[in-house]
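Enquirer: Dropping in query.cif, which is mmCIF, C-alpha atoms:
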data_upload
#
loop_
_atom_site.label_atom_id
_atom_site.label_comp_id
_atom_site.auth_asym_id
_atom_site.auth_seq_id
_atom_site.Cartn_x
_atom_site.Cartn_y
_atom_site.Cartn_z
CA MET R 1 74.64 214.15 -104.71
CA LYS R 2 75.07 211.53 -102.01
CA LYS R 3 72.03 209.37 -101.28
CA LYS R 4 70.60 209.93 -97.80
CA VAL R 5 67.24 208.12 -98.05
CA TYR R 6 67.23 204.52 -96.80
CA GLU R 7 64.64 201.79 -97.18
CA ASN R 8 64.09 201.11 -93.47
CA ALA R 9 65.54 201.81 -90.03
CA ALA R 10 67.82 198.76 -90.03
CA ALA R 11 69.36 199.80 -93.35
CA ALA R 12 69.78 203.39 -92.13
CA LEU R 13 71.78 202.14 -89.13
CA ASP R 14 73.84 199.60 -91.04
CA GLY R 15 77.53 199.92 -90.19
CA LEU R 16 76.96 202.54 -87.48
CA LEU R 17 76.27 200.42 -84.39
CA PHE R 18 78.79 198.89 -81.98
CA ASP R 19 78.83 197.79 -78.35
CA GLY R 20 79.81 200.51 -75.91
CA MET R 21 78.76 203.37 -78.19
CA SER R 22 77.15 206.64 -77.13
CA ILE R 23 73.80 207.77 -78.54
CA ALA R 24 71.83 211.01 -78.24
CA ALA R 25 68.11 210.37 -78.68
CA GLY R 26 65.62 213.14 -79.36
CA GLY R 27 62.16 213.19 -77.87
CA PHE R 28 60.56 213.78 -74.52
CA GLY R 29 59.13 210.66 -72.92
CA LEU R 30 57.05 209.33 -75.81
CA CYS R 31 56.65 212.64 -77.67
CA GLY R 32 58.81 212.90 -80.77
CA ILE R 33 60.94 209.84 -80.01
CA PRO R 34 62.75 208.01 -82.85
CA GLU R 35 60.85 204.81 -82.15
CA LEU R 36 61.76 203.01 -85.39
CA LEU R 37 65.48 203.60 -84.94
CA ILE R 38 65.33 202.57 -81.27
CA ALA R 39 63.60 199.32 -82.25
CA ALA R 40 66.24 198.67 -84.92
CA ILE R 41 69.04 199.22 -82.37
CA HIS R 42 67.31 196.70 -80.12
CA ASP R 43 66.95 194.19 -82.95
CA ALA R 44 70.64 194.60 -83.80
CA GLY R 45 71.60 193.46 -80.29
CA THR R 46 73.78 196.48 -79.53
CA LYS R 47 74.66 196.67 -75.84
CA GLU R 48 76.64 198.63 -73.21
CA ILE R 49 75.19 201.85 -74.65
CA THR R 50 75.46 205.28 -73.08
CA VAL R 51 72.26 207.17 -73.92
CA ALA R 52 71.76 210.92 -73.62
CA SER R 53 68.05 211.67 -73.62
CA ASN R 54 65.62 213.64 -71.49
CA ASN R 55 64.30 210.41 -69.95
CA CYS R 56 63.84 206.76 -70.81
CA GLY R 57 60.17 206.79 -71.77
CA VAL R 58 58.06 203.90 -70.48
CA ASP R 59 58.82 200.28 -69.64
CA ASP R 60 57.71 198.59 -72.87
CA PHE R 61 58.26 201.17 -75.60
CA GLY R 62 61.02 203.31 -77.06
CA LEU R 63 64.20 203.53 -74.98
CA GLY R 64 62.42 201.53 -72.27
CA VAL R 65 62.80 198.39 -74.42
CA LEU R 66 66.58 198.82 -74.54
CA LEU R 67 66.66 199.45 -70.81
CA LYS R 68 64.49 196.43 -70.01
CA ASP R 69 66.84 194.11 -71.90
CA ARG R 70 69.92 195.59 -70.16
CA ARG R 71 71.29 197.14 -73.34
CA ILE R 72 71.91 200.52 -71.68
CA ARG R 73 74.92 200.92 -69.40
CA LYS R 74 74.50 204.61 -68.59
CA MET R 75 71.78 207.25 -68.93
CA ILE R 76 72.48 210.98 -69.19
CA SER R 77 69.03 212.40 -68.50
CA SER R 78 66.88 214.85 -66.57
CA TYR R 79 64.45 212.60 -64.74
CA VAL R 80 63.28 209.03 -64.32
CA GLY R 81 59.75 209.77 -65.56
CA GLU R 82 57.10 207.05 -65.79
CA ASN R 83 59.60 204.22 -66.22
CA ALA R 84 59.49 201.88 -63.21
CA GLU R 85 62.35 199.75 -64.59
CA PHE R 86 64.54 202.86 -64.92
CA MET R 87 63.92 203.61 -61.25
CA ARG R 88 64.55 200.01 -60.19
CA GLN R 89 67.83 199.66 -62.09
CA TYR R 90 69.10 203.00 -60.82
CA LEU R 91 68.24 202.34 -57.16
CA SER R 92 69.71 198.84 -57.31
CA GLY R 93 72.99 200.10 -58.80
CA GLU R 94 72.55 198.24 -62.08
CA LEU R 95 72.41 201.42 -64.16
CA GLU R 96 74.76 204.38 -64.10
CA LEU R 97 72.88 207.67 -64.16
CA GLU R 98 74.17 211.18 -64.78
CA PHE R 99 71.44 213.64 -63.87
CA ASN R 100 71.30 216.86 -65.93
CA PRO R 101 68.70 219.62 -65.55
CA GLN R 102 66.65 219.79 -68.75
CA GLY R 103 68.01 223.14 -69.87
CA THR R 104 71.57 222.04 -69.14
CA LEU R 105 71.15 218.82 -71.12
CA ALA R 106 69.66 220.69 -74.08
CA GLU R 107 72.51 223.21 -73.99
CA ARG R 108 75.13 220.45 -73.68
CA MET R 109 73.79 218.93 -76.89
CA ARG R 110 73.61 222.31 -78.64
CA ALA R 111 77.11 223.26 -77.48
CA GLY R 112 78.57 219.96 -78.63
CA GLY R 113 77.00 220.41 -82.04
CA ALA R 114 78.36 223.96 -82.27
CA GLY R 115 81.90 222.92 -81.38
CA ILE R 116 81.77 224.57 -77.94
CA PRO R 117 83.66 222.38 -75.44
CA GLY R 118 82.03 223.83 -72.32
CA PHE R 119 79.90 226.58 -70.80
CA TYR R 120 79.10 228.00 -67.38
CA THR R 121 75.64 227.91 -65.80
CA ARG R 122 74.12 228.78 -62.42
CA THR R 123 71.76 225.83 -62.64
CA GLY R 124 72.72 223.15 -60.14
CA VAL R 125 75.04 225.29 -58.00
CA GLY R 126 74.90 224.08 -54.40
CA THR R 127 73.38 220.70 -55.33
CA VAL R 128 74.73 217.23 -56.13
CA ILE R 129 74.74 218.32 -59.79
CA ALA R 130 77.71 220.58 -59.01
CA GLU R 131 79.85 217.96 -57.27
CA GLY R 132 83.24 217.51 -58.92
CA LYS R 133 82.67 220.35 -61.40
CA GLU R 134 84.70 223.52 -61.77
CA HIS R 135 83.16 226.57 -60.05
CA LYS R 136 83.76 230.12 -61.23
CA GLU R 137 82.42 233.50 -60.15
CA PHE R 138 80.95 236.00 -62.61
CA ASP R 139 79.57 239.35 -61.42
CA GLY R 140 79.30 238.09 -57.88
CA GLU R 141 77.45 234.89 -58.78
CA THR R 142 78.79 231.33 -58.74
CA TYR R 143 78.57 229.22 -61.88
CA ILE R 144 79.57 225.63 -62.68
CA LEU R 145 81.27 224.37 -65.80
CA GLU R 146 79.29 221.94 -67.98
CA ARG R 147 80.87 220.15 -70.93
CA GLY R 148 79.45 220.17 -74.42
CA LEU R 149 78.13 216.76 -75.42
CA VAL R 150 79.37 214.92 -78.51
CA VAL R 151 78.22 211.35 -79.17
CA ASP R 152 78.86 208.59 -81.69
CA LEU R 153 75.31 208.64 -83.05
CA ALA R 154 72.33 210.97 -82.89
CA ILE R 155 68.86 209.57 -83.61
CA VAL R 156 65.93 211.94 -84.06
CA LYS R 157 62.29 211.96 -85.15
CA ALA R 158 60.82 214.66 -87.40
CA TRP R 159 57.46 215.29 -89.01
CA LYS R 160 58.77 215.82 -92.54
CA GLY R 161 62.13 215.65 -94.24
CA ASP R 162 63.37 216.08 -97.77
CA GLU R 163 65.79 213.95 -99.73
CA GLN R 164 68.79 215.87 -98.42
CA GLY R 165 67.79 215.54 -94.77
CA ASN R 166 66.34 218.99 -94.13
CA LEU R 167 63.90 218.44 -91.26
CA VAL R 168 60.71 220.03 -89.93
CA TYR R 169 59.35 219.01 -86.52
CA ARG R 170 55.71 219.33 -85.50
CA LYS R 171 54.75 221.34 -82.42
CA THR R 172 55.89 219.85 -79.08
CA ALA R 173 57.55 216.92 -80.83
CA ARG R 174 60.28 219.40 -81.69
CA ASN R 175 61.53 219.33 -78.04
CA PHE R 176 65.09 217.93 -77.77
CA ASN R 177 65.29 216.77 -81.40
CA PRO R 178 67.00 219.81 -83.02
CA ASN R 179 69.73 219.92 -80.38
CA ALA R 180 70.24 216.15 -80.38
CA ALA R 181 70.56 216.13 -84.18
CA THR R 182 73.62 218.37 -84.08
CA CYS R 183 75.69 216.60 -81.41
CA GLY R 184 76.20 213.24 -83.10
CA ARG R 185 79.21 212.44 -85.23
CA ILE R 186 76.57 210.77 -87.40
CA CYS R 187 72.87 211.71 -87.35
CA VAL R 188 70.08 209.43 -88.55
CA ALA R 189 66.56 210.83 -88.76
CA GLU R 190 63.22 209.10 -89.09
CA VAL R 191 60.26 211.02 -90.49
CA GLU R 192 56.58 210.56 -91.13
CA GLU R 193 56.89 211.83 -94.69
CA ILE R 194 59.73 212.40 -97.15
CA VAL R 195 59.02 215.27 -99.55
CA PRO R 196 60.86 216.33 -102.73
CA LEU R 197 63.85 218.64 -102.45
CA GLY R 198 62.70 222.25 -102.61
CA SER R 199 59.36 221.61 -100.88
CA PHE R 200 60.37 223.57 -97.76
CA ASP R 201 60.62 227.30 -97.38
CA PRO R 202 64.23 227.61 -96.16
CA ASP R 203 63.04 229.84 -93.30
CA CYS R 204 60.84 226.99 -92.01
CA ILE R 205 63.55 224.33 -91.77
CA HIS R 206 64.34 223.42 -88.16
CA THR R 207 67.36 221.14 -88.76
CA PRO R 208 69.41 221.80 -91.92
CA GLY R 209 70.37 218.74 -93.93
CA ILE R 210 74.07 219.43 -93.34
CA PHE R 211 73.62 217.81 -89.92
CA VAL R 212 71.69 214.76 -91.18
CA HIS R 213 73.56 211.87 -92.79
CA ARG R 214 70.75 209.35 -93.28
CA ILE R 215 66.95 209.51 -93.31
CA VAL R 216 64.17 206.92 -93.27
CA GLN R 217 60.38 207.12 -93.54
CA GLY R 218 58.07 204.78 -91.69
CA PRO R 219 54.79 204.28 -89.81
CA HIS R 220 54.73 205.50 -86.21
CA GLU R 221 52.67 204.28 -83.28
CA LYS R 222 52.52 207.69 -81.52
CA ARG R 223 51.76 206.50 -78.01
CA ILE R 224 50.98 208.91 -75.19
CA GLU R 225 52.19 208.63 -71.59
CA GLN R 226 49.13 209.93 -69.73
CA ARG R 227 45.52 210.83 -70.27
CA THR R 228 43.96 213.60 -68.19
CA ILE R 229 40.20 213.46 -67.52
CA ARG R 230 38.23 216.35 -66.08
CA ALA R 231 34.70 215.98 -64.74
CA ALA R 232 32.07 218.19 -66.37
#
When written as structure tokens, how does the structure in this file appear?
Expert:
Amino acid sequence: MKKKVYENAAAALDGLLFDGMSIAAGGFGLCGIPELLIAAIHDAGTKEITVASNNCGVDDFGLGVLLKDRRIRKMISSYVGENAEFMRQYLSGELELEFNPQGTLAERMRAGGAGIPGFYTRTGVGTVIAEGKEHKEFDGETYILERGLVVDLAIVKAWKGDEQGNLVYRKTARNFNPNAATCGRICVAEVEEIVPLGSFDPDCIHTPGIFVHRIVQGPHEKRIEQRTIRAA
């Protein structure tokens, strides 16, 4: 049985990183992001990266650290979010940005992981999203062709994982992680806890270990983007 558990994030990424690579990162802003793996990519000095992720988090944490140090060449994402540096780089022409509606981005990841090269969707028809894409009519409605997404490396964050990489996500931190995990030629997962093989009810596994090549456990900061206060 091949070993999948690694000592730390740097060891889990050893031999996988190179300049100009493409990475799919799970998470939504700061919720469920693979923060340890992102930090290790930053420490490794990898640059000219194309990142597919819902957004780029915040300026000083997660993907925002890679962006701030000009390690990211292109973002494939749904919105700019709370990241002022993301907005500045995009508006100044320093960063290439491919906007994808959230559902389209999730499906592109899922399709890529399932070996589906493309699919048609009505989302984005008549907008800049549709420019340069094939249009086709089904049942009197116009659809655009979106390509499945396959990347060099997928990095995801889960709540628990076992020694063979079977993963369980917790509540909203599940978000893009299951789809992102499938679309990488290699998938590395970080978890809060590694449990013995056989601990999970098979029906409760969100990402089967067949998709996960390496796994690492570590402490997580678990930041939040916003706090909402309501007067009594």
Enquirer: Would you mind reading off the distance between CA of Ile76 in chain R and CA of His42 in chain R, one decimal, in Å?
Expert: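 Those two atoms sit 18.7 Å apart.
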Enquirer: Out of R:Glu221, R:Glu7, R:Glu48, R:Glu85, which residue has the shortest atom-to-atom distance to Asp19 in chain R when counting only C-alpha atoms?
Expert: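 Closest to Asp19 in chain R of all the choices is R:Glu48.
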Enquirer: For the file shown, what are the residues hit by the PyMOL selection byres ((chain R and resi 213) around 12), laid out as a VMD selection string?
Expert: chain R and resid 2 to 6 12 to 13 16 153 to 156 163 to 167 181 to 182 184 to 190 207 to 212 214 to 216
Enquirer: Quick check on the file I pasted: which residues fall under the PyMOL selection byres ((chain R and resi 145-149) around 8)? Write them as a list in words.
Expert: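 Listing what the PyMOL selection byres ((chain R and resi 145-149) around 8) selects in the shown file: Thr104, Glu107, Arg108, Met109, Arg110, Ala111, Gly112, Gly113, Gly115, Ile116, Pro117, Gly118, Phe119, Tyr120, Thr121, Lys133, Glu134, His135, Lys136, Tyr143, Ile144, Val150, Val151 and Cys183 of chain R.
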Enquirer: Name the residues in contact with Asn100 in chain R at a cut-off of 6 Å, using only C-alpha atoms, excluding same-chain residues fewer than 4 positions from it; report them as JSON, numbers by chain.
Expert: {"R": [77, 78, 105]}
Enquirer: Please produce a file of those selected residues containing C-alpha atoms, as a short mmCIF file (atom, residue, chain, number, x, y, z; two decimals), keeping the file's coordinate frame.
Expert:
data_model
loop_
_atom_site.label_atom_id
_atom_site.label_comp_id
_atom_site.auth_asym_id
_atom_site.auth_seq_id
_atom_site.Cartn_x
_atom_site.Cartn_y
_atom_site.Cartn_z
CA SER R 77 69.03 212.40 -68.50
CA SER R 78 66.88 214.85 -66.57
CA LEU R 105 71.15 218.82 -71.12
#
Enquirer: One number please: CA of Arg88 in chain R to CA of Thr46 in chain R, in Å, one decimal.
Expert: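 According to the coordinates, CA of Arg88 in chain R and CA of Thr46 in chain R are separated by 21.7 Å.
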Enquirer: Please report as a Markdown table every residue of range 53-123 of chain R lying within 9 Å of range 169-177 of chain R, along with the nearest atom pair and their distance in Å (one decimal), using all atoms listed in the file.
Expert:
| residue | atom | partner | partner_atom | distance |
| --- | --- | --- | --- | --- |
| R:Ser53 | CA | R:Phe176 | CA | 8.1 |
| R:Asn54 | CA | R:Phe176 | CA | 7.6 |
| R:Ala106 | CA | R:Phe176 | CA | 6.5 |
| R:Met109 | CA | R:Phe176 | CA | 8.8 |
Enquirer: How far is it from CA of Arg73 in chain R to CA of Gln217 in chain R, in Å with one decimal?
Expert: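 About the pair CA of Arg73 in chain R and CA of Gln217 in chain R: they are 28.9 Å apart.
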Enquirer: Identify which of the residues R:Ala114, R:Leu67, R:Leu36, R:Ala11 lies closest to Ala180 in chain R, counting all atoms listed in the file when measuring atom-to-atom distances.
Expert: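 Between R:Ala114, R:Leu67, R:Leu36, R:Ala11, the residue approaching Ala180 in chain R most closely is R:Ala114.
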Enquirer: Under the rule that all atoms listed in the file are counted, which of R:Glu98, R:Gly20, R:Gly26, R:Leu63 is the nearest residue to Ala40 in chain R?
Expert: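 Result for the nearest residue to Ala40 in chain R: R:Leu63.
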Enquirer: For the provided coordinates, the residues matched by the PyMOL selection byres ((chain R and resi 82) around 8) should be stated as a list in words.
Expert: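 Listing what the PyMOL selection byres ((chain R and resi 82) around 8) selects in the shown file: Gly57, Val58, Asp59, Val80, Gly81, Asn83, Ala84 and Glu225 of chain R.
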Enquirer: Rank nothing, just name the residue among R:Pro178, R:Pro101, R:Pro202, R:Gly64 nearest to Gln89 in chain R, using only C-alpha atoms.
Expert: R:Gly64
Enquirer: Just range 98-119 of chain R from the block, N, CA and C atoms, as a CSV table (one decimal), in the first residue's frame, could you?
Expert:
chain,number,residue,atom,x,y,z
R,98,GLU,N,-9.7,35.4,-16.0
R,98,GLU,CA,-10.7,34.8,-16.7
R,98,GLU,C,-11.9,34.6,-15.8
R,99,PHE,N,-12.9,35.4,-16.0
R,99,PHE,CA,-14.1,35.4,-15.1
R,99,PHE,C,-14.9,34.2,-15.5
R,100,ASN,N,-15.4,33.4,-14.5
R,100,ASN,CA,-16.3,32.3,-14.6
R,100,ASN,C,-17.4,32.4,-13.6
R,101,PRO,N,-18.7,32.4,-14.0
R,101,PRO,CA,-19.7,32.3,-12.9
R,101,PRO,C,-19.5,31.1,-12.0
R,102,GLN,N,-19.9,31.2,-10.8
R,102,GLN,CA,-19.5,30.2,-9.8
R,102,GLN,C,-19.9,28.8,-10.2
R,103,GLY,N,-21.2,28.7,-10.6
R,103,GLY,CA,-21.6,27.4,-11.0
R,103,GLY,C,-20.9,26.8,-12.2
R,104,THR,N,-20.5,27.7,-13.1
R,104,THR,CA,-19.7,27.3,-14.3
R,104,THR,C,-18.4,26.8,-13.9
R,105,LEU,N,-17.7,27.5,-13.0
R,105,LEU,CA,-16.4,27.2,-12.5
R,105,LEU,C,-16.4,25.8,-11.8
R,106,ALA,N,-17.4,25.6,-10.9
R,106,ALA,CA,-17.6,24.4,-10.2
R,106,ALA,C,-17.7,23.2,-11.2
R,107,GLU,N,-18.6,23.4,-12.2
R,107,GLU,CA,-18.9,22.4,-13.2
R,107,GLU,C,-17.6,22.1,-14.1
R,108,ARG,N,-16.9,23.2,-14.4
R,108,ARG,CA,-15.7,23.0,-15.2
R,108,ARG,C,-14.7,22.1,-14.4
R,109,MET,N,-14.6,22.3,-13.1
R,109,MET,CA,-13.7,21.4,-12.3
R,109,MET,C,-14.2,20.0,-12.3
R,110,ARG,N,-15.5,19.9,-12.0
R,110,ARG,CA,-16.2,18.5,-12.0
R,110,ARG,C,-16.0,17.8,-13.3
R,111,ALA,N,-16.3,18.5,-14.4
R,111,ALA,CA,-16.2,17.9,-15.7
R,111,ALA,C,-14.8,17.4,-16.0
R,112,GLY,N,-13.8,18.3,-15.7
R,112,GLY,CA,-12.4,17.9,-15.9
R,112,GLY,C,-12.1,16.6,-15.2
R,113,GLY,N,-12.5,16.6,-13.9
R,113,GLY,CA,-12.2,15.4,-13.1
R,113,GLY,C,-12.9,14.1,-13.6
R,114,ALA,N,-14.1,14.3,-14.3
R,114,ALA,CA,-14.8,13.2,-14.8
R,114,ALA,C,-14.5,12.8,-16.2
R,115,GLY,N,-13.5,13.5,-16.8
R,115,GLY,CA,-13.1,13.2,-18.1
R,115,GLY,C,-14.0,13.7,-19.2
R,116,ILE,N,-14.8,14.8,-18.9
R,116,ILE,CA,-15.7,15.4,-19.8
R,116,ILE,C,-15.0,16.6,-20.4
R,117,PRO,N,-14.7,16.7,-21.7
R,117,PRO,CA,-14.0,17.8,-22.2
R,117,PRO,C,-14.7,19.1,-22.3
R,118,GLY,N,-16.0,19.1,-22.3
R,118,GLY,CA,-16.8,20.3,-22.4
R,118,GLY,C,-18.3,20.1,-22.2
R,119,PHE,N,-19.0,21.2,-21.9
R,119,PHE,CA,-20.4,21.1,-21.7
R,119,PHE,C,-21.1,22.4,-22.1
